[in-house]
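*Asks:* One structure, pasted below without further comment.
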Amino acid sequence: MSFSIDHKSSVPLHSQVEDLLRELIASDEYKKGKFLPDEVGLAKQLGISRNTVRQATNKLVYEGLLIRKKGVGTKVADQSVDSRGTNWLSFSQEMSSKGIQIKNYEISAEWVEATEEIAQFFRITQGKKILKMVRLRGRAEYPFVYFVSYFHPNVGLTGNEDFSRPLYEILEKEHSVIAKLSKEEISARLADKFLAGKLNIKTGDAVLKRKRFVFDPGGRPIEYNIGYYRADSFVYTIESEREVLDKSGVIMQEIPENS
C-alpha cells in the first residue's frame, strides 16, 4: 500500500501522520490484526523523520487505539472500553467518546429501603425509601456491564423517567441536579452465578467491580453506583501529572512573558 503526506501543507507533519494512521486503524485489514508498517519504513516512504512518525504513533498508543509490542510491531488494539481517571465522564459519554454504540438489555427501577451502608453515604435514616435503578448494558453483540444505582430521595427522580436516556442529562434538565464530582473504587472479584448469567460469562470468571460515588457542586451525595464489568471488555487508565520542584522544594511555574 502506498502512503503519502503533503509536505507543503500548513498542517504539521505529525498531525498528517496521525490522520493517516487513524485511517489505517479504521480499515478492515488492520482491524483484523494486521501489523502497521514499521516506523522506519513508513518514515522513509513519507520522507520524514522517524521521530515524527513515533510522535504520532505514541499519541494513538496513549489513546488506547494502538498496541506496540517491542520486537514484534504495532497493531490496532481491540475495542475494550477505556476509562480515564481525569475529567470523569458518564457511562454514555465514555462510550460515545469511543464511538461505541450501546444497547440497553435491561432497565428497571423500584423503591427500596436504604441499607446501612447506603444510608450512611446519603446521610439519611436507614430503612428510608430510595430509588434503585438496574441496567444491563453493552454492545450489540453482548452485554458487558451490569449497573445498580441508588439515588438520594431529594434529587426528585420518580422511577417513571426514560432511563434509556443519559442519566445525568435527566437529572440536570428535569430536576436541576448537576453531577459534579465522582469518587471511585475499583476492585476485582469472581462472577457468581447471577452475574455470570447477566454478562454471558462463566461462573468464576473475572469481573471488575467499580463503585462510583457522585456528588453535586455543593458536595451533596446524589448517586451511589456499582458497576460489574466483564474483565475482557474494560480497561481502566489513571492519568497523573507530576509537579516539578526546584532545588528549594518550591513548585516550579511558568512565568508569563509579559510579567
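The chains in the C-alpha cells are called A, B, ... from first to last as shown; in each chain the residues are counted from 1, and the ligands are counted from 1 in the order shown.
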Mind checking DSSP for region 178-220 of chain A and telling me the strand (DSSP E) residues as a VMD selection string?
*Replies:* chain A and resid 181 to 190 206 to 215
*Asks:* Those same residues - C-alpha atoms - I'd like them written as a PDB file, in the first residue's frame.
*Replies:*
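The resulting selection.pdb:
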ATOM      1  CA  LEU A 181     -17.744  15.172  41.423  1.00  0.00           C
ATOM      2  CA  SER A 182     -17.132  11.433  41.167  1.00  0.00           C
ATOM      3  CA  LYS A 183     -15.130   9.322  43.592  1.00  0.00           C
ATOM      4  CA  GLU A 184     -14.448   5.739  42.572  1.00  0.00           C
ATOM      5  CA  GLU A 185     -13.265   2.424  43.927  1.00  0.00           C
ATOM      6  CA  ILE A 186     -12.086  -0.330  41.580  1.00  0.00           C
ATOM      7  CA  SER A 187     -11.726  -3.917  42.722  1.00  0.00           C
ATOM      8  CA  ALA A 188     -11.694  -7.418  41.255  1.00  0.00           C
ATOM      9  CA  ARG A 189     -13.976 -10.335  42.023  1.00  0.00           C
ATOM     10  CA  LEU A 190     -15.145 -13.602  40.556  1.00  0.00           C
ATOM     11  CA  ALA A 206     -13.013 -12.361  36.444  1.00  0.00           C
ATOM     12  CA  VAL A 207     -15.234  -9.302  36.886  1.00  0.00           C
ATOM     13  CA  LEU A 208     -14.229  -5.715  37.634  1.00  0.00           C
ATOM     14  CA  LYS A 209     -16.340  -4.057  40.312  1.00  0.00           C
ATOM     15  CA  ARG A 210     -16.477  -0.283  40.014  1.00  0.00           C
ATOM     16  CA  LYS A 211     -18.115   1.756  42.776  1.00  0.00           C
ATOM     17  CA  ARG A 212     -18.895   5.357  41.883  1.00  0.00           C
ATOM     18  CA  PHE A 213     -19.965   7.952  44.455  1.00  0.00           C
ATOM     19  CA  VAL A 214     -21.419  11.037  42.764  1.00  0.00           C
ATOM     20  CA  PHE A 215     -21.855  14.484  44.315  1.00  0.00           C
TER      21      PHE A 215
END
*Asks:* Given only C-alpha atoms, how would the per-residue table for region 158-248 of chain A near region 115-118 of chain A read, listing every residue at most 12 Å away with its closest atom pair and distance in Å to one decimal, sorted by chain and number, as JSON lines?
*Replies:*
{"residue": "A:Lys211", "atom": "CA", "partner": "A:Ile118", "partner_atom": "CA", "distance": 12.0}
{"residue": "A:Phe213", "atom": "CA", "partner": "A:Ile118", "partner_atom": "CA", "distance": 10.4}
{"residue": "A:Pro221", "atom": "CA", "partner": "A:Ile118", "partner_atom": "CA", "distance": 10.5}
{"residue": "A:Ile222", "atom": "CA", "partner": "A:Ile118", "partner_atom": "CA", "distance": 11.1}
{"residue": "A:Glu223", "atom": "CA", "partner": "A:Ile118", "partner_atom": "CA", "distance": 9.7}
{"residue": "A:Tyr224", "atom": "CA", "partner": "A:Ile118", "partner_atom": "CA", "distance": 7.3}
{"residue": "A:Asn225", "atom": "CA", "partner": "A:Ile118", "partner_atom": "CA", "distance": 10.1}
{"residue": "A:Ile226", "atom": "CA", "partner": "A:Ile118", "partner_atom": "CA", "distance": 11.5}
*Asks:* Which residues come within 10 Å of Asn51 (chain A), counting only C-alpha atoms, excluding same-chain residues fewer than 6 positions away, as a list in words?
*Replies:* His14, Glu39, Val40, Ala43 and Thr57 of chain A
*Asks:* Pick out each residue of region 85-174 of chain A that DSSP on the backbone tags as alpha helix (DSSP H); I need them as a list in words.
*Replies:*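 Filtering region 85-174 of chain A down to alpha helix (DSSP H) leaves Phe91, Ser92, Gln93, Glu94, Met95, Ser96, Ser97, Glu116, Glu117, Ile118, Ala119, Gln120, Phe121, Phe122, Leu167, Tyr168, Glu169, Ile170, Leu171, Glu172, Lys173 and Glu174 of chain A.
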*Asks:* Work out how far CA of Gly218 (chain A) is from CA of Glu169 (chain A), in Å to one decimal.
*Replies:* 18.2 Å
